[in-house]
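Asker: Here you go, target06.pdb (PDB, C-alpha atoms, pLDDT in the B column):
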ATOM      1  CA  MET Y   1      -1.673 -13.873  16.893  1.00 82.00           C
ATOM      2  CA  ARG Y   2      -4.382 -15.175  19.230  1.00 91.00           C
ATOM      3  CA  LEU Y   3      -4.983 -13.169  22.379  1.00 93.00           C
ATOM      4  CA  ASP Y   4      -4.278 -16.056  24.757  1.00 93.00           C
ATOM      5  CA  ARG Y   5      -1.013 -16.799  22.991  1.00 89.00           C
ATOM      6  CA  LEU Y   6       0.108 -13.181  23.141  1.00 87.00           C
ATOM      7  CA  ILE Y   7      -0.539 -13.088  26.902  1.00 91.00           C
ATOM      8  CA  GLY Y   8       1.369 -16.346  27.309  1.00 88.00           C
ATOM      9  CA  ASN Y   9       4.319 -14.939  25.347  1.00 80.00           C
ATOM     10  CA  HIS Y  10       4.477 -11.558  27.080  1.00 81.00           C
ATOM     11  CA  SER Y  11       3.652 -12.235  30.733  1.00 87.00           C
ATOM     12  CA  GLN Y  12       4.216 -14.639  33.613  1.00 88.00           C
ATOM     13  CA  TYR Y  13       0.959 -16.405  32.734  1.00 90.00           C
ATOM     14  CA  SER Y  14       0.781 -19.598  30.722  1.00 91.00           C
ATOM     15  CA  GLN Y  15      -1.490 -19.739  27.686  1.00 92.00           C
ATOM     16  CA  ARG Y  16      -3.918 -21.894  29.702  1.00 93.00           C
ATOM     17  CA  SER Y  17      -3.941 -19.352  32.548  1.00 94.00           C
ATOM     18  CA  ALA Y  18      -4.474 -16.618  29.974  1.00 94.00           C
ATOM     19  CA  ARG Y  19      -7.697 -18.282  28.835  1.00 95.00           C
ATOM     20  CA  LEU Y  20      -8.962 -18.255  32.433  1.00 95.00           C
ATOM     21  CA  LEU Y  21      -8.052 -14.587  32.848  1.00 95.00           C
ATOM     22  CA  ILE Y  22      -9.939 -13.739  29.685  1.00 96.00           C
ATOM     23  CA  ALA Y  23     -12.985 -15.751  30.763  1.00 96.00           C
ATOM     24  CA  GLU Y  24     -12.959 -13.944  34.144  1.00 95.00           C
ATOM     25  CA  GLY Y  25     -13.134 -10.557  32.408  1.00 96.00           C
ATOM     26  CA  ARG Y  26      -9.678  -9.444  33.538  1.00 96.00           C
ATOM     27  CA  VAL Y  27      -8.269  -8.734  30.066  1.00 95.00           C
ATOM     28  CA  GLN Y  28      -8.726  -5.611  27.966  1.00 95.00           C
ATOM     29  CA  VAL Y  29      -7.697  -4.876  24.382  1.00 94.00           C
ATOM     30  CA  ASN Y  30      -7.458  -1.203  23.518  1.00 92.00           C
ATOM     31  CA  ALA Y  31      -9.302  -0.441  26.792  1.00 92.00           C
ATOM     32  CA  LEU Y  32     -12.246  -2.712  25.887  1.00 94.00           C
ATOM     33  CA  LEU Y  33     -13.120  -5.842  27.859  1.00 95.00           C
ATOM     34  CA  VAL Y  34     -12.578  -8.997  25.816  1.00 95.00           C
ATOM     35  CA  ARG Y  35     -13.789 -12.530  26.606  1.00 95.00           C
ATOM     36  CA  ASP Y  36     -12.733 -14.337  23.431  1.00 96.00           C
ATOM     37  CA  ALA Y  37      -9.346 -16.026  23.877  1.00 95.00           C
ATOM     38  CA  ARG Y  38      -9.200 -16.679  20.136  1.00 94.00           C
ATOM     39  CA  MET Y  39      -9.414 -13.001  19.227  1.00 94.00           C
ATOM     40  CA  GLU Y  40      -6.706 -12.040  16.734  1.00 91.00           C
ATOM     41  CA  VAL Y  41      -4.505  -9.200  17.975  1.00 89.00           C
ATOM     42  CA  ASP Y  42      -1.557  -7.426  16.403  1.00 82.00           C
ATOM     43  CA  ARG Y  43       1.346  -5.303  17.540  1.00 77.00           C
ATOM     44  CA  PHE Y  44      -0.673  -2.102  17.245  1.00 83.00           C
ATOM     45  CA  MET Y  45      -3.137  -3.161  19.963  1.00 89.00           C
ATOM     46  CA  MET Y  46      -2.716  -2.426  23.671  1.00 90.00           C
ATOM     47  CA  VAL Y  47      -3.385  -5.551  25.767  1.00 94.00           C
ATOM     48  CA  SER Y  48      -3.673  -5.283  29.538  1.00 93.00           C
ATOM     49  CA  VAL Y  49      -4.379  -7.713  32.399  1.00 95.00           C
ATOM     50  CA  ASP Y  50      -6.013  -6.248  35.506  1.00 94.00           C
ATOM     51  CA  GLY Y  51      -5.312  -2.814  34.056  1.00 92.00           C
ATOM     52  CA  VAL Y  52      -1.563  -3.414  33.629  1.00 91.00           C
ATOM     53  CA  PRO Y  53      -0.294  -3.211  30.021  1.00 90.00           C
ATOM     54  CA  LEU Y  54       1.644  -6.279  28.927  1.00 88.00           C
ATOM     55  CA  LYS Y  55       3.736  -4.410  26.386  1.00 76.00           C
ATOM     56  CA  PRO Y  56       3.563  -1.012  24.734  1.00 73.00           C
ATOM     57  CA  ALA Y  57       1.590  -0.979  21.520  1.00 74.00           C
ATOM     58  CA  VAL Y  58       3.515  -0.022  18.395  1.00 79.00           C
ATOM     59  CA  ALA Y  59       2.359   3.265  16.890  1.00 86.00           C
ATOM     60  CA  SER Y  60       0.855   2.686  13.457  1.00 89.00           C
ATOM     61  CA  HIS Y  61       1.834   4.914  10.550  1.00 94.00           C
ATOM     62  CA  TYR Y  62       0.051   5.388   7.240  1.00 96.00           C
ATOM     63  CA  LEU Y  63       1.543   8.086   5.030  1.00 97.00           C
ATOM     64  CA  MET Y  64       0.779   9.548   1.613  1.00 98.00           C
ATOM     65  CA  LEU Y  65       3.865  10.836  -0.202  1.00 98.00           C
ATOM     66  CA  HIS Y  66       3.931  12.875  -3.402  1.00 98.00           C
ATOM     67  CA  LYS Y  67       6.876  11.076  -4.975  1.00 98.00           C
ATOM     68  CA  PRO Y  68       9.041  13.180  -7.289  1.00 98.00           C
ATOM     69  CA  ALA Y  69      10.655  11.626 -10.346  1.00 97.00           C
ATOM     70  CA  GLY Y  70      14.252  10.593  -9.725  1.00 97.00           C
ATOM     71  CA  TYR Y  71      13.739   8.940  -6.324  1.00 98.00           C
ATOM     72  CA  LEU Y  72      13.880   5.170  -5.987  1.00 97.00           C
ATOM     73  CA  SER Y  73      10.933   3.393  -4.358  1.00 96.00           C
ATOM     74  CA  ALA Y  74      13.029   1.451  -1.866  1.00 94.00           C
ATOM     75  CA  THR Y  75      13.961   1.619   1.788  1.00 92.00           C
ATOM     76  CA  SER Y  76      17.675   1.664   0.941  1.00 92.00           C
ATOM     77  CA  ASP Y  77      19.949   1.479  -2.080  1.00 93.00           C
ATOM     78  CA  PRO Y  78      23.742   1.738  -2.472  1.00 94.00           C
ATOM     79  CA  GLN Y  79      23.568   3.797  -5.676  1.00 93.00           C
ATOM     80  CA  HIS Y  80      20.366   5.852  -5.851  1.00 95.00           C
ATOM     81  CA  ILE Y  81      18.643   8.251  -3.501  1.00 97.00           C
ATOM     82  CA  THR Y  82      15.443   6.697  -2.162  1.00 97.00           C
ATOM     83  CA  VAL Y  83      12.093   8.129  -1.109  1.00 98.00           C
ATOM     84  CA  MET Y  84      13.104   7.554   2.519  1.00 97.00           C
ATOM     85  CA  ALA Y  85      15.322  10.625   2.234  1.00 96.00           C
ATOM     86  CA  LEU Y  86      12.103  12.668   2.033  1.00 97.00           C
ATOM     87  CA  LEU Y  87      10.923  11.468   5.465  1.00 96.00           C
ATOM     88  CA  PRO Y  88      12.023  12.387   9.000  1.00 93.00           C
ATOM     89  CA  GLU Y  89      14.847  10.192  10.275  1.00 92.00           C
ATOM     90  CA  PRO Y  90      12.827   8.570  13.138  1.00 88.00           C
ATOM     91  CA  LEU Y  91      10.247   7.183  10.692  1.00 89.00           C
ATOM     92  CA  ARG Y  92      12.553   5.695   8.090  1.00 90.00           C
ATOM     93  CA  ALA Y  93      13.495   2.424   9.763  1.00 88.00           C
ATOM     94  CA  ALA Y  94       9.907   1.405  10.545  1.00 88.00           C
ATOM     95  CA  LEU Y  95       8.221   2.027   7.191  1.00 95.00           C
ATOM     96  CA  HIS Y  96       7.878   0.020   4.015  1.00 95.00           C
ATOM     97  CA  ILE Y  97       6.324   0.910   0.661  1.00 96.00           C
ATOM     98  CA  GLY Y  98       2.862  -0.242  -0.358  1.00 94.00           C
ATOM     99  CA  GLY Y  99       2.916  -0.312  -4.166  1.00 92.00           C
ATOM    100  CA  ARG Y 100       6.156   0.904  -5.704  1.00 94.00           C
ATOM    101  CA  LEU Y 101       6.694   3.379  -8.518  1.00 96.00           C
ATOM    102  CA  ASP Y 102       9.546   3.363 -11.029  1.00 94.00           C
ATOM    103  CA  ARG Y 103      12.395   5.759 -10.283  1.00 96.00           C
ATOM    104  CA  GLY Y 104      11.378   7.971 -13.204  1.00 96.00           C
ATOM    105  CA  SER Y 105       7.706   8.009 -12.230  1.00 98.00           C
ATOM    106  CA  SER Y 106       5.920  10.387  -9.865  1.00 98.00           C
ATOM    107  CA  GLY Y 107       2.754  10.668  -7.848  1.00 98.00           C
ATOM    108  CA  LEU Y 108       0.998   8.836  -5.047  1.00 98.00           C
ATOM    109  CA  LEU Y 109       3.169   6.590  -2.898  1.00 98.00           C
ATOM    110  CA  ILE Y 110       1.951   4.924   0.298  1.00 98.00           C
ATOM    111  CA  LEU Y 111       4.275   4.152   3.201  1.00 97.00           C
ATOM    112  CA  THR Y 112       3.242   2.246   6.324  1.00 96.00           C
ATOM    113  CA  ASN Y 113       4.447  -0.096   9.056  1.00 92.00           C
ATOM    114  CA  ASP Y 114       1.243  -2.164   8.893  1.00 91.00           C
ATOM    115  CA  GLY Y 115       2.070  -5.183   6.766  1.00 88.00           C
ATOM    116  CA  LEU Y 116      -1.423  -6.701   6.742  1.00 85.00           C
ATOM    117  CA  TRP Y 117      -2.937  -3.414   5.590  1.00 92.00           C
ATOM    118  CA  SER Y 118      -0.380  -2.887   2.828  1.00 93.00           C
ATOM    119  CA  ARG Y 119      -0.917  -6.428   1.542  1.00 90.00           C
ATOM    120  CA  ARG Y 120      -4.620  -5.680   1.151  1.00 90.00           C
ATOM    121  CA  LEU Y 121      -3.686  -2.507  -0.716  1.00 93.00           C
ATOM    122  CA  THR Y 122      -1.476  -4.309  -3.224  1.00 90.00           C
ATOM    123  CA  ALA Y 123      -2.826  -7.881  -3.439  1.00 87.00           C
ATOM    124  CA  PRO Y 124      -3.691  -8.626  -7.120  1.00 80.00           C
ATOM    125  CA  GLN Y 125      -6.726 -10.727  -6.174  1.00 83.00           C
ATOM    126  CA  ILE Y 126      -8.378  -7.784  -4.382  1.00 87.00           C
ATOM    127  CA  LYS Y 127      -8.102  -5.704  -7.586  1.00 89.00           C
ATOM    128  CA  ILE Y 128      -7.929  -2.226  -6.063  1.00 94.00           C
ATOM    129  CA  PRO Y 129      -7.934   0.242  -8.994  1.00 96.00           C
ATOM    130  CA  LYS Y 130      -4.779   2.249  -9.547  1.00 97.00           C
ATOM    131  CA  VAL Y 131      -5.068   5.335 -11.738  1.00 98.00           C
ATOM    132  CA  TYR Y 132      -2.163   6.807 -13.727  1.00 98.00           C
ATOM    133  CA  ARG Y 133      -1.715   9.817 -15.963  1.00 98.00           C
ATOM    134  CA  VAL Y 134       0.486   8.862 -18.899  1.00 98.00           C
ATOM    135  CA  THR Y 135       2.222  10.731 -21.710  1.00 98.00           C
ATOM    136  CA  THR Y 136       3.624   8.792 -24.652  1.00 98.00           C
ATOM    137  CA  ALA Y 137       6.241   9.246 -27.356  1.00 98.00           C
ATOM    138  CA  GLU Y 138       3.862   8.305 -30.178  1.00 98.00           C
ATOM    139  CA  PRO Y 139       0.178   9.197 -30.663  1.00 98.00           C
ATOM    140  CA  ILE Y 140      -2.166   6.908 -28.737  1.00 98.00           C
ATOM    141  CA  SER Y 141      -4.042   4.897 -31.349  1.00 97.00           C
ATOM    142  CA  ALA Y 142      -7.822   4.709 -31.471  1.00 96.00           C
ATOM    143  CA  GLU Y 143      -7.720   0.966 -30.803  1.00 96.00           C
ATOM    144  CA  THR Y 144      -5.602   1.256 -27.656  1.00 98.00           C
ATOM    145  CA  PRO Y 145      -8.566   1.511 -25.216  1.00 98.00           C
ATOM    146  CA  GLU Y 146     -10.124  -1.654 -26.638  1.00 98.00           C
ATOM    147  CA  ARG Y 147      -6.824  -3.557 -26.629  1.00 97.00           C
ATOM    148  CA  PHE Y 148      -6.200  -2.623 -23.004  1.00 98.00           C
ATOM    149  CA  ALA Y 149      -9.764  -3.635 -22.093  1.00 98.00           C
ATOM    150  CA  GLN Y 150      -9.100  -7.062 -23.587  1.00 97.00           C
ATOM    151  CA  GLY Y 151      -5.861  -7.457 -21.630  1.00 96.00           C
ATOM    152  CA  ILE Y 152      -2.280  -7.495 -22.889  1.00 96.00           C
ATOM    153  CA  TYR Y 153      -0.339 -10.747 -23.104  1.00 96.00           C
ATOM    154  CA  PHE Y 154       3.065 -10.788 -21.371  1.00 95.00           C
ATOM    155  CA  ALA Y 155       5.111 -13.655 -22.796  1.00 92.00           C
ATOM    156  CA  PHE Y 156       7.747 -13.610 -20.028  1.00 89.00           C
ATOM    157  CA  GLU Y 157       5.158 -14.461 -17.350  1.00 90.00           C
ATOM    158  CA  ASP Y 158       2.872 -16.281 -19.827  1.00 93.00           C
ATOM    159  CA  LEU Y 159      -0.154 -14.329 -18.661  1.00 93.00           C
ATOM    160  CA  THR Y 160      -2.636 -11.752 -19.840  1.00 95.00           C
ATOM    161  CA  THR Y 161      -3.192  -8.619 -17.782  1.00 94.00           C
ATOM    162  CA  SER Y 162      -6.563  -7.931 -16.219  1.00 94.00           C
ATOM    163  CA  PRO Y 163      -8.838  -5.676 -18.300  1.00 96.00           C
ATOM    164  CA  ALA Y 164      -7.731  -2.046 -17.982  1.00 97.00           C
ATOM    165  CA  GLN Y 165      -9.554   1.202 -18.669  1.00 98.00           C
ATOM    166  CA  LEU Y 166      -7.941   3.853 -20.861  1.00 98.00           C
ATOM    167  CA  GLU Y 167      -9.309   7.381 -21.321  1.00 98.00           C
ATOM    168  CA  ARG Y 168      -7.557   9.336 -24.056  1.00 97.00           C
ATOM    169  CA  LEU Y 169      -6.985  12.939 -22.970  1.00 98.00           C
ATOM    170  CA  GLY Y 170      -5.082  14.036 -26.054  1.00 97.00           C
ATOM    171  CA  THR Y 171      -3.013  12.632 -28.893  1.00 98.00           C
ATOM    172  CA  HIS Y 172      -0.174  11.699 -26.550  1.00 98.00           C
ATOM    173  CA  GLU Y 173      -1.850  11.725 -23.128  1.00 98.00           C
ATOM    174  CA  ALA Y 174      -4.214   9.374 -21.319  1.00 98.00           C
ATOM    175  CA  ARG Y 175      -5.564   8.343 -17.946  1.00 98.00           C
ATOM    176  CA  LEU Y 176      -5.148   4.613 -17.346  1.00 98.00           C
ATOM    177  CA  THR Y 177      -6.780   2.486 -14.645  1.00 98.00           C
ATOM    178  CA  ILE Y 178      -5.272  -0.914 -13.895  1.00 97.00           C
ATOM    179  CA  PHE Y 179      -6.287  -3.469 -11.270  1.00 94.00           C
ATOM    180  CA  GLU Y 180      -2.970  -5.142 -10.594  1.00 91.00           C
ATOM    181  CA  GLY Y 181       0.619  -3.970 -10.233  1.00 85.00           C
ATOM    182  CA  ARG Y 182       2.977  -6.126 -12.244  1.00 88.00           C
ATOM    183  CA  TYR Y 183       6.597  -5.257 -12.964  1.00 88.00           C
ATOM    184  CA  HIS Y 184       6.728  -2.117 -15.171  1.00 93.00           C
ATOM    185  CA  GLN Y 185       3.172  -3.000 -16.186  1.00 95.00           C
ATOM    186  CA  VAL Y 186       2.039   0.304 -17.693  1.00 97.00           C
ATOM    187  CA  LYS Y 187       5.213   0.754 -19.739  1.00 97.00           C
ATOM    188  CA  ARG Y 188       5.061  -2.839 -20.970  1.00 96.00           C
ATOM    189  CA  MET Y 189       1.407  -2.511 -21.976  1.00 97.00           C
ATOM    190  CA  PHE Y 190       2.133   0.498 -24.171  1.00 98.00           C
ATOM    191  CA  HIS Y 191       5.300  -1.120 -25.508  1.00 97.00           C
ATOM    192  CA  ALA Y 192       3.233  -4.122 -26.611  1.00 96.00           C
ATOM    193  CA  LEU Y 193       1.279  -1.754 -28.865  1.00 97.00           C
ATOM    194  CA  GLY Y 194       4.369  -0.111 -30.317  1.00 97.00           C
ATOM    195  CA  ASN Y 195       4.398   2.963 -28.081  1.00 98.00           C
ATOM    196  CA  ARG Y 196       6.681   4.266 -25.336  1.00 98.00           C
ATOM    197  CA  VAL Y 197       5.787   5.920 -22.038  1.00 98.00           C
ATOM    198  CA  LEU Y 198       7.534   9.251 -21.448  1.00 98.00           C
ATOM    199  CA  THR Y 199       5.996  10.213 -18.101  1.00 98.00           C
ATOM    200  CA  LEU Y 200       3.952   8.246 -15.593  1.00 98.00           C
ATOM    201  CA  HIS Y 201       2.162   9.850 -12.649  1.00 98.00           C
ATOM    202  CA  ARG Y 202      -0.003   7.875 -10.203  1.00 98.00           C
ATOM    203  CA  GLU Y 203      -3.103   9.785  -9.153  1.00 98.00           C
ATOM    204  CA  SER Y 204      -4.865   7.308  -6.870  1.00 98.00           C
ATOM    205  CA  MET Y 205      -5.036   3.832  -5.351  1.00 97.00           C
ATOM    206  CA  GLY Y 206      -8.618   2.846  -4.595  1.00 96.00           C
ATOM    207  CA  ASP Y 207     -10.255   5.703  -2.706  1.00 97.00           C
ATOM    208  CA  ILE Y 208      -6.897   7.187  -1.704  1.00 98.00           C
ATOM    209  CA  VAL Y 209      -6.318  10.122  -4.038  1.00 98.00           C
ATOM    210  CA  LEU Y 210      -3.098  12.134  -4.159  1.00 98.00           C
ATOM    211  CA  ASP Y 211      -3.718  15.334  -2.225  1.00 97.00           C
ATOM    212  CA  ASP Y 212      -3.303  18.202  -4.689  1.00 94.00           C
ATOM    213  CA  ARG Y 213      -2.073  20.394  -1.836  1.00 96.00           C
ATOM    214  CA  LEU Y 214       1.052  18.269  -1.518  1.00 97.00           C
ATOM    215  CA  GLN Y 215       4.044  19.529  -3.440  1.00 97.00           C
ATOM    216  CA  ALA Y 216       6.433  16.960  -4.909  1.00 98.00           C
ATOM    217  CA  GLY Y 217       8.463  15.571  -2.022  1.00 97.00           C
ATOM    218  CA  ASP Y 218       5.849  16.388   0.636  1.00 98.00           C
ATOM    219  CA  PHE Y 219       3.854  13.873   2.657  1.00 98.00           C
ATOM    220  CA  ARG Y 220       0.970  13.714   5.128  1.00 97.00           C
ATOM    221  CA  PRO Y 221      -0.695  11.054   7.299  1.00 97.00           C
ATOM    222  CA  LEU Y 222      -3.687   9.305   5.789  1.00 97.00           C
ATOM    223  CA  SER Y 223      -7.041  10.137   7.317  1.00 96.00           C
ATOM    224  CA  GLN Y 224      -8.938   7.407   9.159  1.00 93.00           C
ATOM    225  CA  THR Y 225     -11.434   7.360   6.277  1.00 96.00           C
ATOM    226  CA  GLU Y 226      -8.618   6.722   3.792  1.00 97.00           C
ATOM    227  CA  ILE Y 227      -7.153   3.978   5.973  1.00 94.00           C
ATOM    228  CA  ASP Y 228     -10.542   2.296   6.440  1.00 93.00           C
ATOM    229  CA  SER Y 229     -11.240   2.404   2.693  1.00 95.00           C
ATOM    230  CA  ILE Y 230      -8.711  -0.398   2.192  1.00 93.00           C
ATOM    231  CA  GLY Y 231     -10.590  -2.636   4.620  1.00 73.00           C
TER     232      GLY Y 231
END
Please rewrite the model in this file as structure tokens.
Answerer:
Amino acid sequence: MRLDRLIGNHSQYSQRSARLLIAEGRVQVNALLVRDARMEVDRFMMVSVDGVPLKPAVASHYLMLHKPAGYLSATSDPQHITVMALLPEPLRAALHIGGRLDRGSSGLLILTNDGLWSRRLTAPQIKIPKVYRVTTAEPISAETPERFAQGIYFAFEDLTTSPAQLERLGTHEARLTIFEGRYHQVKRMFHALGNRVLTLHRESMGDIVLDDRLQAGDFRPLSQTEIDSIG
């Protein structure tokens, strides 16, 4: 929200008084003097007036998890064990998943409490590339890369997927890059060509690449460079 509104909501000052305080140079955001009352602030920023914090900033979390197959990408579920079971108890309530994986799939999963950041990560219009390693039940045909590059029509949604890039690594194995994240998209794309996905492993999302030092079930915080790569 706007800085003047936040001060008005979290102090004895009115929003009009807040604008005067800001103009007088009495307001800091993350220890930096701010004079723009219209500045957009979020819950992760520390706002203070005359050196006194208005409210504690919420600690931001950005985690990379090596998801094992068999765990559900959800914060809770009455039937299946979820990826939250792999995280320390204090973190579980605050985090949500940025870009889910099917229960049978493995690989890179991002968890955060920053909703704006995760929306940039997953928004279809931003077209962040997502790379998967796939094994299939049937041989991958020679025309599959071209068909995926043209886009695959999904009748249920009445849409055609964005062009995808397929690199065949063997008769039954490929690396696939897609630029959206529709429901069961990879499996449905192969199914449309008469094939079936046996295993699906996500290797990267944009410049965030699954750390090969992480064993299945392990996690680590994202670096500042990885966080900034999403904008």
Asker: Do you have, as a tab-separated table, the list of residues of stretch 64-95 of chain Y lying at most 10 Å from stretch 220-229 of chain Y, each with its nearest atom pair and that distance in Å to one decimal, counting all atoms listed in the file and ordered by chain then number?
Answerer:
residue	atom	partner	partner_atom	distance
Y:Met64	CA	Y:Arg220	CA	5.5
Y:Leu65	CA	Y:Arg220	CA	6.7
Y:His66	CA	Y:Arg220	CA	9.1
Asker: Neighbouring residues of stretch 150-158 of chain Y were defined as those with any atom within 12 Å, considering only C-alpha atoms; residues of the same chain fewer than 6 positions away were excluded. Please report them as a list in words.
Answerer: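 Surrounding residues, per the criterion: Glu143, Thr144, Ala164, Gln165, Leu166, Ile178, Phe179, Glu180, Arg182, Tyr183, His184, Gln185, Val186, Lys187, Arg188, Met189, Phe190, His191, Ala192 and Leu193 of chain Y.
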Asker: Expand the PyMOL selection byres ((chain Y and resi 84) around 10) into the explicit residue set it covers here, and present it as number ranges by chain.
Answerer: Y: 71-76, 81-83, 85-89, 91-93, 95-97, 111
Asker: Written as number ranges by chain, which residues does the PyMOL selection byres ((chain Y and resi 210-214) around 12) give for the file shown?
Answerer: Y: 63-68, 106-110, 130-132, 201-209, 215-223, 226
Asker: Extract, using all atoms listed in the file, all DNA, RNA and protein residues at most 12 Å from Y:Leu33, discarding same-chain residues fewer than 2 positions from it, and format them as a PyMOL selection string.
Answerer: chain Y and resi 21-31+35-37+39+46-51
Asker: Write the residues of the preceding selection, restricted to C-alpha atoms, as an mmCIF file, in the frame of the given file.
Answerer:
data_model
loop_
_atom_site.group_PDB
_atom_site.id
_atom_site.type_symbol
_atom_site.label_atom_id
_atom_site.label_comp_id
_atom_site.auth_asym_id
_atom_site.auth_seq_id
_atom_site.Cartn_x
_atom_site.Cartn_y
_atom_site.Cartn_z
ATOM 1 C CA LEU Y 21 -8.052 -14.587 32.848
ATOM 2 C CA ILE Y 22 -9.939 -13.739 29.685
ATOM 3 C CA ALA Y 23 -12.985 -15.751 30.763
ATOM 4 C CA GLU Y 24 -12.959 -13.944 34.144
ATOM 5 C CA GLY Y 25 -13.134 -10.557 32.408
ATOM 6 C CA ARG Y 26 -9.678 -9.444 33.538
ATOM 7 C CA VAL Y 27 -8.269 -8.734 30.066
ATOM 8 C CA GLN Y 28 -8.726 -5.611 27.966
ATOM 9 C CA VAL Y 29 -7.697 -4.876 24.382
ATOM 10 C CA ASN Y 30 -7.458 -1.203 23.518
ATOM 11 C CA ALA Y 31 -9.302 -0.441 26.792
ATOM 12 C CA ARG Y 35 -13.789 -12.530 26.606
ATOM 13 C CA ASP Y 36 -12.733 -14.337 23.431
ATOM 14 C CA ALA Y 37 -9.346 -16.026 23.877
ATOM 15 C CA MET Y 39 -9.414 -13.001 19.227
ATOM 16 C CA MET Y 46 -2.716 -2.426 23.671
ATOM 17 C CA VAL Y 47 -3.385 -5.551 25.767
ATOM 18 C CA SER Y 48 -3.673 -5.283 29.538
ATOM 19 C CA VAL Y 49 -4.379 -7.713 32.399
ATOM 20 C CA ASP Y 50 -6.013 -6.248 35.506
ATOM 21 C CA GLY Y 51 -5.312 -2.814 34.056
#
Asker: Just the number, please: distance in Å from atom CA of Y:Thr136 to atom CA of Y:Asn195, one decimal.
Answerer: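 So the two atoms, atom CA of Y:Thr136 and atom CA of Y:Asn195, lie 6.8 Å apart.
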Asker: For stretch 189-202 of chain Y in the structure I just supplied, write out N, CA and C atoms - as a compact mmCIF listing (two decimals), in the first residue's frame.
Answerer:
# COMPACT_ATOMS: atom_id res chain seq x y z
N MET Y 189 0.44 -32.69 -23.08
CA MET Y 189 1.08 -32.46 -24.38
C MET Y 189 1.55 -33.78 -24.99
N PHE Y 190 2.18 -34.61 -24.19
CA PHE Y 190 2.63 -35.91 -24.71
C PHE Y 190 1.44 -36.81 -25.03
N HIS Y 191 0.42 -36.76 -24.18
CA HIS Y 191 -0.78 -37.57 -24.43
C HIS Y 191 -1.42 -37.21 -25.76
N ALA Y 192 -1.39 -35.92 -26.11
CA ALA Y 192 -1.98 -35.48 -27.37
C ALA Y 192 -1.28 -36.10 -28.57
N LEU Y 193 -0.03 -36.52 -28.39
CA LEU Y 193 0.72 -37.15 -29.47
C LEU Y 193 0.80 -38.67 -29.30
N GLY Y 194 -0.06 -39.22 -28.46
CA GLY Y 194 -0.14 -40.66 -28.31
C GLY Y 194 0.93 -41.26 -27.43
N ASN Y 195 1.50 -40.46 -26.53
CA ASN Y 195 2.55 -40.97 -25.64
C ASN Y 195 2.13 -40.73 -24.19
N ARG Y 196 2.88 -41.33 -23.27
CA ARG Y 196 2.55 -41.21 -21.85
C ARG Y 196 3.81 -40.92 -21.05
N VAL Y 197 3.74 -39.94 -20.16
CA VAL Y 197 4.87 -39.57 -19.34
C VAL Y 197 4.99 -40.55 -18.17
N LEU Y 198 6.19 -41.10 -17.99
CA LEU Y 198 6.45 -41.99 -16.86
C LEU Y 198 7.05 -41.25 -15.68
N THR Y 199 8.04 -40.39 -15.95
CA THR Y 199 8.64 -39.59 -14.89
C THR Y 199 8.80 -38.16 -15.38
N LEU Y 200 8.65 -37.23 -14.44
CA LEU Y 200 8.76 -35.81 -14.75
C LEU Y 200 9.55 -35.15 -13.62
N HIS Y 201 10.64 -34.48 -14.01
CA HIS Y 201 11.54 -33.87 -13.03
C HIS Y 201 11.84 -32.45 -13.46
N ARG Y 202 11.48 -31.45 -12.63
CA ARG Y 202 11.72 -30.06 -13.00
C ARG Y 202 13.14 -29.67 -12.61
